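Next comes target15.pdb, a file with PDB, C-alpha atoms and all ligand atoms.
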ATOM      1  CA  MET E   1       0.000   0.000   0.000  1.00  0.00           C
ATOM      2  CA  PRO E   2       1.499   3.364  -0.942  1.00  0.00           C
ATOM      3  CA  THR E   3       1.806   6.156   1.615  1.00  0.00           C
ATOM      4  CA  THR E   4       0.328   9.496   0.586  1.00  0.00           C
ATOM      5  CA  ILE E   5       2.608  12.526   0.875  1.00  0.00           C
ATOM      6  CA  THR E   6       0.813  15.831   0.463  1.00  0.00           C
ATOM      7  CA  ALA E   7       2.979  17.525  -2.136  1.00  0.00           C
ATOM      8  CA  GLN E   8       2.934  20.013  -4.981  1.00  0.00           C
ATOM      9  CA  PRO E   9       1.414  19.944  -7.534  1.00  0.00           C
ATOM     10  CA  TYR E  10      -0.601  16.988  -6.138  1.00  0.00           C
ATOM     11  CA  ASP E  11      -0.262  14.041  -3.758  1.00  0.00           C
ATOM     12  CA  PHE E  12       2.804  11.819  -4.158  1.00  0.00           C
ATOM     13  CA  LEU E  13       1.997   8.145  -3.551  1.00  0.00           C
ATOM     14  CA  MET E  14       5.182   6.758  -2.053  1.00  0.00           C
ATOM     15  CA  ASN E  15       5.802   3.032  -2.320  1.00  0.00           C
ATOM     16  CA  LYS E  16       8.537   2.618   0.300  1.00  0.00           C
ATOM     17  CA  ALA E  17       9.854  -0.664  -1.089  1.00  0.00           C
ATOM     18  CA  GLN E  18      10.418   0.900  -4.510  1.00  0.00           C
ATOM     19  CA  CYS E  19      11.676   4.284  -3.332  1.00  0.00           C
ATOM     20  CA  ALA E  20      15.231   5.513  -2.660  1.00  0.00           C
ATOM     21  CA  LEU E  21      16.679   8.612  -1.006  1.00  0.00           C
ATOM     22  CA  VAL E  22      19.250  10.217  -3.315  1.00  0.00           C
ATOM     23  CA  ILE E  23      21.515  12.835  -1.725  1.00  0.00           C
ATOM     24  CA  ILE E  24      23.346  14.921  -4.293  1.00  0.00           C
ATOM     25  CA  ASP E  25      26.864  16.298  -3.757  1.00  0.00           C
ATOM     26  CA  MET E  26      26.774  17.297  -0.071  1.00  0.00           C
ATOM     27  CA  GLN E  27      30.537  17.714  -0.353  1.00  0.00           C
ATOM     28  CA  ARG E  28      32.902  19.737   1.801  1.00  0.00           C
ATOM     29  CA  ASP E  29      34.152  21.778  -1.169  1.00  0.00           C
ATOM     30  CA  PHE E  30      30.632  23.056  -1.833  1.00  0.00           C
ATOM     31  CA  LEU E  31      29.456  23.453   1.776  1.00  0.00           C
ATOM     32  CA  GLU E  32      32.303  24.298   4.101  1.00  0.00           C
ATOM     33  CA  PRO E  33      33.786  27.715   4.781  1.00  0.00           C
ATOM     34  CA  GLY E  34      37.243  27.612   3.224  1.00  0.00           C
ATOM     35  CA  GLY E  35      36.167  25.244   0.429  1.00  0.00           C
ATOM     36  CA  PHE E  36      36.053  25.715  -3.340  1.00  0.00           C
ATOM     37  CA  GLY E  37      32.533  27.207  -3.293  1.00  0.00           C
ATOM     38  CA  ALA E  38      33.499  29.760  -0.675  1.00  0.00           C
ATOM     39  CA  MET E  39      36.741  30.500  -2.562  1.00  0.00           C
ATOM     40  CA  LEU E  40      34.600  31.515  -5.557  1.00  0.00           C
ATOM     41  CA  GLY E  41      32.851  34.075  -3.356  1.00  0.00           C
ATOM     42  CA  ASN E  42      29.693  32.095  -2.617  1.00  0.00           C
ATOM     43  CA  ASP E  43      27.861  32.317   0.716  1.00  0.00           C
ATOM     44  CA  VAL E  44      28.060  28.708   1.918  1.00  0.00           C
ATOM     45  CA  SER E  45      25.676  29.387   4.802  1.00  0.00           C
ATOM     46  CA  LEU E  46      22.861  29.236   2.234  1.00  0.00           C
ATOM     47  CA  LEU E  47      23.857  25.661   1.372  1.00  0.00           C
ATOM     48  CA  ARG E  48      24.425  24.690   4.989  1.00  0.00           C
ATOM     49  CA  GLN E  49      20.730  25.373   5.747  1.00  0.00           C
ATOM     50  CA  ALA E  50      19.964  22.016   4.114  1.00  0.00           C
ATOM     51  CA  ILE E  51      22.207  20.016   6.468  1.00  0.00           C
ATOM     52  CA  ALA E  52      19.977  19.914   9.566  1.00  0.00           C
ATOM     53  CA  PRO E  53      16.744  18.900   7.788  1.00  0.00           C
ATOM     54  CA  LEU E  54      18.700  16.373   5.731  1.00  0.00           C
ATOM     55  CA  GLN E  55      20.113  14.824   8.904  1.00  0.00           C
ATOM     56  CA  GLN E  56      16.527  14.275  10.111  1.00  0.00           C
ATOM     57  CA  LEU E  57      15.393  12.869   6.770  1.00  0.00           C
ATOM     58  CA  LEU E  58      18.462  10.634   6.483  1.00  0.00           C
ATOM     59  CA  ALA E  59      17.833   9.238   9.965  1.00  0.00           C
ATOM     60  CA  ALA E  60      14.199   8.505   9.070  1.00  0.00           C
ATOM     61  CA  ALA E  61      15.162   6.849   5.770  1.00  0.00           C
ATOM     62  CA  ARG E  62      17.793   4.702   7.501  1.00  0.00           C
ATOM     63  CA  ALA E  63      15.322   3.712  10.240  1.00  0.00           C
ATOM     64  CA  SER E  64      12.756   2.702   7.621  1.00  0.00           C
ATOM     65  CA  GLY E  65      15.265   0.532   5.751  1.00  0.00           C
ATOM     66  CA  MET E  66      15.030   2.627   2.602  1.00  0.00           C
ATOM     67  CA  LEU E  67      17.902   2.530   0.115  1.00  0.00           C
ATOM     68  CA  VAL E  68      20.085   5.633   0.498  1.00  0.00           C
ATOM     69  CA  ILE E  69      22.451   6.702  -2.288  1.00  0.00           C
ATOM     70  CA  HIS E  70      25.003   9.499  -2.020  1.00  0.00           C
ATOM     71  CA  THR E  71      26.642  11.219  -4.980  1.00  0.00           C
ATOM     72  CA  ARG E  72      29.833  13.249  -5.262  1.00  0.00           C
ATOM     73  CA  GLU E  73      30.840  15.447  -8.164  1.00  0.00           C
ATOM     74  CA  GLY E  74      34.490  15.013  -9.036  1.00  0.00           C
ATOM     75  CA  HIS E  75      37.192  13.641 -11.232  1.00  0.00           C
ATOM     76  CA  ARG E  76      40.010  11.119 -11.438  1.00  0.00           C
ATOM     77  CA  PRO E  77      43.365  12.384 -10.118  1.00  0.00           C
ATOM     78  CA  ASP E  78      44.818  12.124 -13.645  1.00  0.00           C
ATOM     79  CA  LEU E  79      41.930  14.289 -14.951  1.00  0.00           C
ATOM     80  CA  THR E  80      41.221  11.856 -17.807  1.00  0.00           C
ATOM     81  CA  ASP E  81      37.467  12.141 -17.179  1.00  0.00           C
ATOM     82  CA  LEU E  82      37.500  15.947 -16.994  1.00  0.00           C
ATOM     83  CA  PRO E  83      36.279  17.577 -20.204  1.00  0.00           C
ATOM     84  CA  PRO E  84      38.666  20.396 -21.193  1.00  0.00           C
ATOM     85  CA  SER E  85      35.582  22.607 -21.543  1.00  0.00           C
ATOM     86  CA  LYS E  86      34.689  22.018 -17.877  1.00  0.00           C
ATOM     87  CA  LYS E  87      38.282  22.660 -16.783  1.00  0.00           C
ATOM     88  CA  ALA E  88      38.326  25.977 -18.686  1.00  0.00           C
ATOM     89  CA  ARG E  89      34.847  27.161 -17.653  1.00  0.00           C
ATOM     90  CA  GLY E  90      34.749  30.328 -15.607  1.00  0.00           C
ATOM     91  CA  ASN E  91      38.140  31.556 -16.766  1.00  0.00           C
ATOM     92  CA  LEU E  92      39.336  31.269 -13.164  1.00  0.00           C
ATOM     93  CA  PRO E  93      42.914  31.372 -11.901  1.00  0.00           C
ATOM     94  CA  THR E  94      42.240  28.263  -9.783  1.00  0.00           C
ATOM     95  CA  THR E  95      40.109  25.497 -11.251  1.00  0.00           C
ATOM     96  CA  ILE E  96      39.235  21.787 -11.031  1.00  0.00           C
ATOM     97  CA  GLY E  97      42.308  19.676 -10.338  1.00  0.00           C
ATOM     98  CA  ASP E  98      44.387  22.560  -8.985  1.00  0.00           C
ATOM     99  CA  PRO E  99      45.527  22.694  -5.361  1.00  0.00           C
ATOM    100  CA  GLY E 100      42.742  24.334  -3.348  1.00  0.00           C
ATOM    101  CA  PRO E 101      41.971  25.073   0.280  1.00  0.00           C
ATOM    102  CA  MET E 102      40.966  21.435   0.994  1.00  0.00           C
ATOM    103  CA  GLY E 103      43.211  19.510  -1.383  1.00  0.00           C
ATOM    104  CA  ARG E 104      42.982  19.340  -5.159  1.00  0.00           C
ATOM    105  CA  ILE E 105      39.654  20.823  -6.213  1.00  0.00           C
ATOM    106  CA  LEU E 106      36.914  18.261  -6.958  1.00  0.00           C
ATOM    107  CA  ILE E 107      39.374  15.381  -7.194  1.00  0.00           C
ATOM    108  CA  GLN E 108      38.409  11.940  -5.874  1.00  0.00           C
ATOM    109  CA  GLY E 109      40.191  11.110  -2.637  1.00  0.00           C
ATOM    110  CA  GLU E 110      40.866  14.722  -1.645  1.00  0.00           C
ATOM    111  CA  PRO E 111      39.360  16.068   1.623  1.00  0.00           C
ATOM    112  CA  GLY E 112      37.238  18.716  -0.128  1.00  0.00           C
ATOM    113  CA  HIS E 113      35.705  16.122  -2.457  1.00  0.00           C
ATOM    114  CA  ASP E 114      34.307  14.073   0.398  1.00  0.00           C
ATOM    115  CA  ILE E 115      30.870  14.301   1.976  1.00  0.00           C
ATOM    116  CA  VAL E 116      30.338  16.573   4.995  1.00  0.00           C
ATOM    117  CA  PRO E 117      30.676  14.703   8.304  1.00  0.00           C
ATOM    118  CA  GLU E 118      27.088  15.488   9.328  1.00  0.00           C
ATOM    119  CA  LEU E 119      25.749  13.360   6.454  1.00  0.00           C
ATOM    120  CA  TYR E 120      28.528  10.823   6.075  1.00  0.00           C
ATOM    121  CA  PRO E 121      27.504   7.564   4.367  1.00  0.00           C
ATOM    122  CA  ILE E 122      27.338   4.388   6.428  1.00  0.00           C
ATOM    123  CA  ALA E 123      27.980   0.790   5.338  1.00  0.00           C
ATOM    124  CA  GLY E 124      25.493  -0.384   2.736  1.00  0.00           C
ATOM    125  CA  GLU E 125      24.855   3.065   1.246  1.00  0.00           C
ATOM    126  CA  PRO E 126      26.255   3.300  -2.282  1.00  0.00           C
ATOM    127  CA  VAL E 127      28.360   6.367  -3.041  1.00  0.00           C
ATOM    128  CA  VAL E 128      28.225   7.288  -6.730  1.00  0.00           C
ATOM    129  CA  ASP E 129      31.066   9.388  -8.096  1.00  0.00           C
ATOM    130  CA  LYS E 130      29.905  11.458 -11.040  1.00  0.00           C
ATOM    131  CA  PRO E 131      31.959  13.554 -13.459  1.00  0.00           C
ATOM    132  CA  GLY E 132      29.013  15.691 -14.552  1.00  0.00           C
ATOM    133  CA  LYS E 133      26.157  17.599 -13.029  1.00  0.00           C
ATOM    134  CA  GLY E 134      23.561  14.852 -13.467  1.00  0.00           C
ATOM    135  CA  ALA E 135      23.894  11.645 -11.424  1.00  0.00           C
ATOM    136  CA  PHE E 136      23.011   9.462 -14.435  1.00  0.00           C
ATOM    137  CA  PHE E 137      25.738  10.657 -16.809  1.00  0.00           C
ATOM    138  CA  ALA E 138      28.712   8.250 -16.925  1.00  0.00           C
ATOM    139  CA  THR E 139      27.749   6.475 -13.669  1.00  0.00           C
ATOM    140  CA  ASP E 140      26.180   3.167 -12.610  1.00  0.00           C
ATOM    141  CA  ILE E 141      23.335   4.746 -10.590  1.00  0.00           C
ATOM    142  CA  ASP E 142      20.663   3.577 -13.055  1.00  0.00           C
ATOM    143  CA  ALA E 143      21.893  -0.025 -12.737  1.00  0.00           C
ATOM    144  CA  ILE E 144      21.998   0.230  -8.932  1.00  0.00           C
ATOM    145  CA  LEU E 145      18.421   1.545  -8.838  1.00  0.00           C
ATOM    146  CA  ARG E 146      17.042  -0.972 -11.337  1.00  0.00           C
ATOM    147  CA  ASN E 147      18.761  -3.896  -9.618  1.00  0.00           C
ATOM    148  CA  ARG E 148      16.923  -2.917  -6.439  1.00  0.00           C
ATOM    149  CA  GLY E 149      13.591  -2.423  -8.227  1.00  0.00           C
ATOM    150  CA  ILE E 150      13.533   1.288  -7.439  1.00  0.00           C
ATOM    151  CA  LYS E 151      10.967   3.375  -9.308  1.00  0.00           C
ATOM    152  CA  GLN E 152      10.696   6.496  -7.121  1.00  0.00           C
ATOM    153  CA  LEU E 153      13.372   8.907  -5.879  1.00  0.00           C
ATOM    154  CA  LEU E 154      13.364  11.369  -2.998  1.00  0.00           C
ATOM    155  CA  VAL E 155      15.964  13.835  -4.255  1.00  0.00           C
ATOM    156  CA  CYS E 156      17.927  16.197  -2.003  1.00  0.00           C
ATOM    157  CA  GLY E 157      21.246  18.016  -1.988  1.00  0.00           C
ATOM    158  CA  VAL E 158      23.058  20.845  -3.711  1.00  0.00           C
ATOM    159  CA  THR E 159      22.673  22.876  -5.679  1.00  0.00           C
ATOM    160  CA  THR E 160      18.958  22.968  -6.392  1.00  0.00           C
ATOM    161  CA  GLU E 161      19.200  24.389  -9.898  1.00  0.00           C
ATOM    162  CA  VAL E 162      22.422  22.699 -10.986  1.00  0.00           C
ATOM    163  CA  CYS E 163      23.128  19.110  -9.939  1.00  0.00           C
ATOM    164  CA  VAL E 164      19.766  18.409  -8.274  1.00  0.00           C
ATOM    165  CA  ASN E 165      17.685  19.716 -11.193  1.00  0.00           C
ATOM    166  CA  THR E 166      19.900  17.995 -13.759  1.00  0.00           C
ATOM    167  CA  THR E 167      19.558  14.694 -11.909  1.00  0.00           C
ATOM    168  CA  VAL E 168      15.775  15.041 -11.605  1.00  0.00           C
ATOM    169  CA  ARG E 169      15.497  15.706 -15.344  1.00  0.00           C
ATOM    170  CA  GLU E 170      17.695  12.723 -16.196  1.00  0.00           C
ATOM    171  CA  ALA E 171      15.718  10.488 -13.828  1.00  0.00           C
ATOM    172  CA  ASN E 172      12.384  11.724 -15.180  1.00  0.00           C
ATOM    173  CA  ASP E 173      13.361  10.787 -18.739  1.00  0.00           C
ATOM    174  CA  ARG E 174      14.351   7.326 -17.499  1.00  0.00           C
ATOM    175  CA  GLY E 175      10.911   6.740 -15.988  1.00  0.00           C
ATOM    176  CA  TYR E 176      11.574   7.456 -12.309  1.00  0.00           C
ATOM    177  CA  GLU E 177       9.073   9.459 -10.265  1.00  0.00           C
ATOM    178  CA  CYS E 178      10.991  12.181  -8.418  1.00  0.00           C
ATOM    179  CA  LEU E 179      10.023  14.126  -5.330  1.00  0.00           C
ATOM    180  CA  MET E 180      12.356  16.997  -4.431  1.00  0.00           C
ATOM    181  CA  VAL E 181      12.489  17.615  -0.689  1.00  0.00           C
ATOM    182  CA  GLU E 182      12.480  21.391  -0.696  1.00  0.00           C
ATOM    183  CA  ASP E 183      14.243  22.233   2.577  1.00  0.00           C
ATOM    184  CA  CYS E 184      16.808  19.473   1.964  1.00  0.00           C
ATOM    185  CA  CYS E 185      17.932  21.181  -1.254  1.00  0.00           C
ATOM    186  CA  ALA E 186      19.821  24.477  -1.381  1.00  0.00           C
ATOM    187  CA  SER E 187      21.457  26.938  -3.723  1.00  0.00           C
ATOM    188  CA  TYR E 188      23.966  29.784  -3.461  1.00  0.00           C
ATOM    189  CA  PHE E 189      21.185  31.845  -5.113  1.00  0.00           C
ATOM    190  CA  PRO E 190      17.848  31.932  -3.200  1.00  0.00           C
ATOM    191  CA  GLU E 191      15.889  32.873  -6.328  1.00  0.00           C
ATOM    192  CA  PHE E 192      17.390  29.957  -8.256  1.00  0.00           C
ATOM    193  CA  HIS E 193      16.432  27.623  -5.395  1.00  0.00           C
ATOM    194  CA  ARG E 194      12.829  28.844  -5.598  1.00  0.00           C
ATOM    195  CA  MET E 195      12.710  28.603  -9.372  1.00  0.00           C
ATOM    196  CA  GLY E 196      14.512  25.250  -9.377  1.00  0.00           C
ATOM    197  CA  LEU E 197      11.605  23.893  -7.374  1.00  0.00           C
ATOM    198  CA  ALA E 198       8.949  25.841  -9.298  1.00  0.00           C
ATOM    199  CA  MET E 199      10.152  24.478 -12.643  1.00  0.00           C
ATOM    200  CA  VAL E 200       9.755  20.904 -11.454  1.00  0.00           C
ATOM    201  CA  ILE E 201       6.119  21.252 -10.414  1.00  0.00           C
ATOM    202  CA  ALA E 202       4.915  23.564 -13.203  1.00  0.00           C
ATOM    203  CA  GLN E 203       2.642  22.199 -15.923  1.00  0.00           C
ATOM    204  CA  GLY E 204       1.131  19.547 -13.673  1.00  0.00           C
ATOM    205  CA  GLY E 205       4.481  18.325 -12.338  1.00  0.00           C
ATOM    206  CA  ILE E 206       6.427  18.319 -15.583  1.00  0.00           C
ATOM    207  CA  PHE E 207       9.464  16.801 -13.828  1.00  0.00           C
ATOM    208  CA  GLY E 208       7.989  15.677 -10.532  1.00  0.00           C
ATOM    209  CA  TRP E 209       6.834  16.687  -7.082  1.00  0.00           C
ATOM    210  CA  VAL E 210       7.999  18.961  -4.240  1.00  0.00           C
ATOM    211  CA  ALA E 211       7.308  18.573  -0.509  1.00  0.00           C
ATOM    212  CA  PRO E 212       8.905  19.683   2.780  1.00  0.00           C
ATOM    213  CA  SER E 213      10.938  17.191   4.795  1.00  0.00           C
ATOM    214  CA  GLU E 214       8.489  17.059   7.697  1.00  0.00           C
ATOM    215  CA  ARG E 215       5.843  15.488   5.431  1.00  0.00           C
ATOM    216  CA  VAL E 216       8.300  12.998   3.965  1.00  0.00           C
ATOM    217  CA  ILE E 217       9.598  12.067   7.430  1.00  0.00           C
ATOM    218  CA  ALA E 218       6.040  11.585   8.663  1.00  0.00           C
ATOM    219  CA  ALA E 219       5.389   9.257   5.741  1.00  0.00           C
ATOM    220  CA  LEU E 220       8.522   7.248   6.504  1.00  0.00           C
ATOM    221  CA  LYS E 221       7.447   6.606  10.106  1.00  0.00           C
TER     222      LYS E 221
HETATM  223  N1  LIG J   1      26.683  19.826  -7.265  1.00  0.00           N
HETATM  224  C1  LIG J   1      26.575  20.941  -7.972  1.00  0.00           C
HETATM  225  O1  LIG J   1      25.525  21.550  -8.041  1.00  0.00           O
HETATM  226  N2  LIG J   1      27.719  21.403  -8.576  1.00  0.00           N
HETATM  227  C2  LIG J   1      27.940  22.699  -8.914  1.00  0.00           C
HETATM  228  O2  LIG J   1      28.953  23.045  -9.500  1.00  0.00           O
HETATM  229  N3  LIG J   1      26.980  23.578  -8.533  1.00  0.00           N
HETATM  230  C3  LIG J   1      26.998  24.927  -8.623  1.00  0.00           C
HETATM  231  O3  LIG J   1      25.985  25.544  -8.311  1.00  0.00           O
HETATM  232  N4  LIG J   1      28.107  25.543  -9.021  1.00  0.00           N
END
Write-out of the structure in structure tokens:
Amino acid sequence: MPTTITAQPYDFLMNKAQCALVIIDMQRDFLEPGGFGAMLGNDVSLLRQAIAPLQQLLAAARASGMLVIHTREGHRPDLTDLPPSKKARGNLPTTIGDPGPMGRILIQGEPGHDIVPELYPIAGEPVVDKPGKGAFFATDIDAILRNRGIKQLLVCGVTTEVCVNTTVREANDRGYECLMVEDCCASYFPEFHRMGLAMVIAQGGIFGWVAPSERVIAALK
């Protein structure tokens, strides 16, 4: 029996056994003062607002036995999976692969690339390393989800309009039903956060659903 979550633009019928929590890129380099995001002049406190509600949601998902998947944006140390166009983007003096405040920027194995301690994965939770913005591009997340019979995703993380939106769009085209947990997503730009959610639910839920964490947590209990 599905559990009804009151959501926008209409009720989301969650089937717990076929639903996974996907946490996008809650990495130190994006979220911590002194990381890559902060180095670029972004206000990381805006992103950090998602940590506390996500801790609650993560605890509820773990307690319910739901599959939890974490993603990290980053690249191989030899940069062979880094498109030159991505390396050059922004015309910045310091860019992906260069030494940064928390190790080489967005490189697998470096401190800044890892997930913030508050939301650190535990045994049994797949961590998907992705070279792009979307979690489905050049990763095995689709296989992991299909092998577990997952058809619905609760999507959280940062940033709302970049990696979270891209992942929701990719998932939508692959047939997954996506619910974005609004207070568990965040952006460096408050208006982009709002619009990143608004675009998903426009036109009758063109890409999916949006609900606050308290309703999702209630449904998990
Ligand atoms: N994870 C993610 O969103 N990566 C980004 O680069 N986001 C920005 O908003 N820059």
Out of E:Cys184, E:Val155, E:Met102, E:Val210, which residue has the shortest atom-to-atom distance to E:Gly134 when counting only C-alpha atoms?
->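 Smallest separation from E:Gly134 among the options: E:Val155.
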Mind giving me the straight-line distance from atom CA of E:Val44 to atom CA of E:Asp29 in Å, one decimal?
->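 Pair atom CA of E:Val44 / atom CA of E:Asp29 returns 9.7 Å.
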Selection result for the PyMOL selection byres (((chain E and resi 36-39) around 12) and not hetatm) on this file, as a tab-separated table (two decimals) with C-alpha atoms, in the coordinates of the input:
chain	number	residue	atom	x	y	z
E	26	MET	CA	26.77	17.30	-0.07
E	27	GLN	CA	30.54	17.71	-0.35
E	28	ARG	CA	32.90	19.74	1.80
E	29	ASP	CA	34.15	21.78	-1.17
E	30	PHE	CA	30.63	23.06	-1.83
E	31	LEU	CA	29.46	23.45	1.78
E	32	GLU	CA	32.30	24.30	4.10
E	33	PRO	CA	33.79	27.72	4.78
E	34	GLY	CA	37.24	27.61	3.22
E	35	GLY	CA	36.17	25.24	0.43
E	40	LEU	CA	34.60	31.52	-5.56
E	41	GLY	CA	32.85	34.08	-3.36
E	42	ASN	CA	29.69	32.10	-2.62
E	43	ASP	CA	27.86	32.32	0.72
E	44	VAL	CA	28.06	28.71	1.92
E	45	SER	CA	25.68	29.39	4.80
E	46	LEU	CA	22.86	29.24	2.23
E	47	LEU	CA	23.86	25.66	1.37
E	48	ARG	CA	24.42	24.69	4.99
E	92	LEU	CA	39.34	31.27	-13.16
E	93	PRO	CA	42.91	31.37	-11.90
E	94	THR	CA	42.24	28.26	-9.78
E	95	THR	CA	40.11	25.50	-11.25
E	96	ILE	CA	39.24	21.79	-11.03
E	97	GLY	CA	42.31	19.68	-10.34
E	98	ASP	CA	44.39	22.56	-8.98
E	99	PRO	CA	45.53	22.69	-5.36
E	100	GLY	CA	42.74	24.33	-3.35
E	101	PRO	CA	41.97	25.07	0.28
E	102	MET	CA	40.97	21.44	0.99
E	103	GLY	CA	43.21	19.51	-1.38
E	104	ARG	CA	42.98	19.34	-5.16
E	105	ILE	CA	39.65	20.82	-6.21
E	106	LEU	CA	36.91	18.26	-6.96
E	107	ILE	CA	39.37	15.38	-7.19
E	111	PRO	CA	39.36	16.07	1.62
E	112	GLY	CA	37.24	18.72	-0.13
E	113	HIS	CA	35.70	16.12	-2.46
E	158	VAL	CA	23.06	20.84	-3.71
E	159	THR	CA	22.67	22.88	-5.68
E	187	SER	CA	21.46	26.94	-3.72
E	188	TYR	CA	23.97	29.78	-3.46
Atom-to-atom span, atom CA of E:Leu119 and atom CA of E:Leu54, Å =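 We find that atom CA of E:Leu119 and atom CA of E:Leu54 lie 7.7 Å from each other.
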At most 12 Å from (18.1, 32.2, -5.9), file frame, all atoms listed in the file: which residues, as a PyMOL selection string?
-> chain E and resi 43+46-47+159-162+185-198
Next, write the just-selected residues to a file, as a tab-separated table (two decimals), keeping the file's coordinate frame, keeping C-alpha atoms as the atom set.
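Listing of result00.tsv after writing:
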chain	number	residue	atom	x	y	z
E	43	ASP	CA	27.86	32.32	0.72
E	46	LEU	CA	22.86	29.24	2.23
E	47	LEU	CA	23.86	25.66	1.37
E	159	THR	CA	22.67	22.88	-5.68
E	160	THR	CA	18.96	22.97	-6.39
E	161	GLU	CA	19.20	24.39	-9.90
E	162	VAL	CA	22.42	22.70	-10.99
E	185	CYS	CA	17.93	21.18	-1.25
E	186	ALA	CA	19.82	24.48	-1.38
E	187	SER	CA	21.46	26.94	-3.72
E	188	TYR	CA	23.97	29.78	-3.46
E	189	PHE	CA	21.18	31.84	-5.11
E	190	PRO	CA	17.85	31.93	-3.20
E	191	GLU	CA	15.89	32.87	-6.33
E	192	PHE	CA	17.39	29.96	-8.26
E	193	HIS	CA	16.43	27.62	-5.40
E	194	ARG	CA	12.83	28.84	-5.60
E	195	MET	CA	12.71	28.60	-9.37
E	196	GLY	CA	14.51	25.25	-9.38
E	197	LEU	CA	11.60	23.89	-7.37
E	198	ALA	CA	8.95	25.84	-9.30
Nearest-residue call for E:Cys178, choices E:Val164, E:Ile201, E:Leu154, E:Ala59, using all atoms listed in the file | E:Leu154
What do you get, as a PDB file with C-alpha atoms, in the coordinates of the input, if you spell out every residue that the PyMOL selection byres (((chain E and resi 181) around 6) and not hetatm) selects here?
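part-v5.pdb, written as the output of this step:
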ATOM      1  CA  CYS E 156      17.927  16.197  -2.003  1.00  0.00           C
ATOM      2  CA  MET E 180      12.356  16.997  -4.431  1.00  0.00           C
ATOM      3  CA  GLU E 182      12.480  21.391  -0.696  1.00  0.00           C
ATOM      4  CA  ASP E 183      14.243  22.233   2.577  1.00  0.00           C
ATOM      5  CA  CYS E 184      16.808  19.473   1.964  1.00  0.00           C
ATOM      6  CA  VAL E 210       7.999  18.961  -4.240  1.00  0.00           C
ATOM      7  CA  ALA E 211       7.308  18.573  -0.509  1.00  0.00           C
ATOM      8  CA  PRO E 212       8.905  19.683   2.780  1.00  0.00           C
ATOM      9  CA  SER E 213      10.938  17.191   4.795  1.00  0.00           C
TER      10      SER E 213
END
What gap, in Å, lies between atom CA of E:Val128 and atom CA of E:Ile69?
->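 Taking atom CA of E:Val128 and atom CA of E:Ile69, their separation equals 7.3 Å.
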Quick one: apply the PyMOL selection byres (((chain E and resi 7-17) around 9) and not hetatm) to the file and drop the selected residues here as a PyMOL selection string.
-> chain E and resi 1-6+18-20+64-67+149-152+179+201-205+208-212+215+219-220
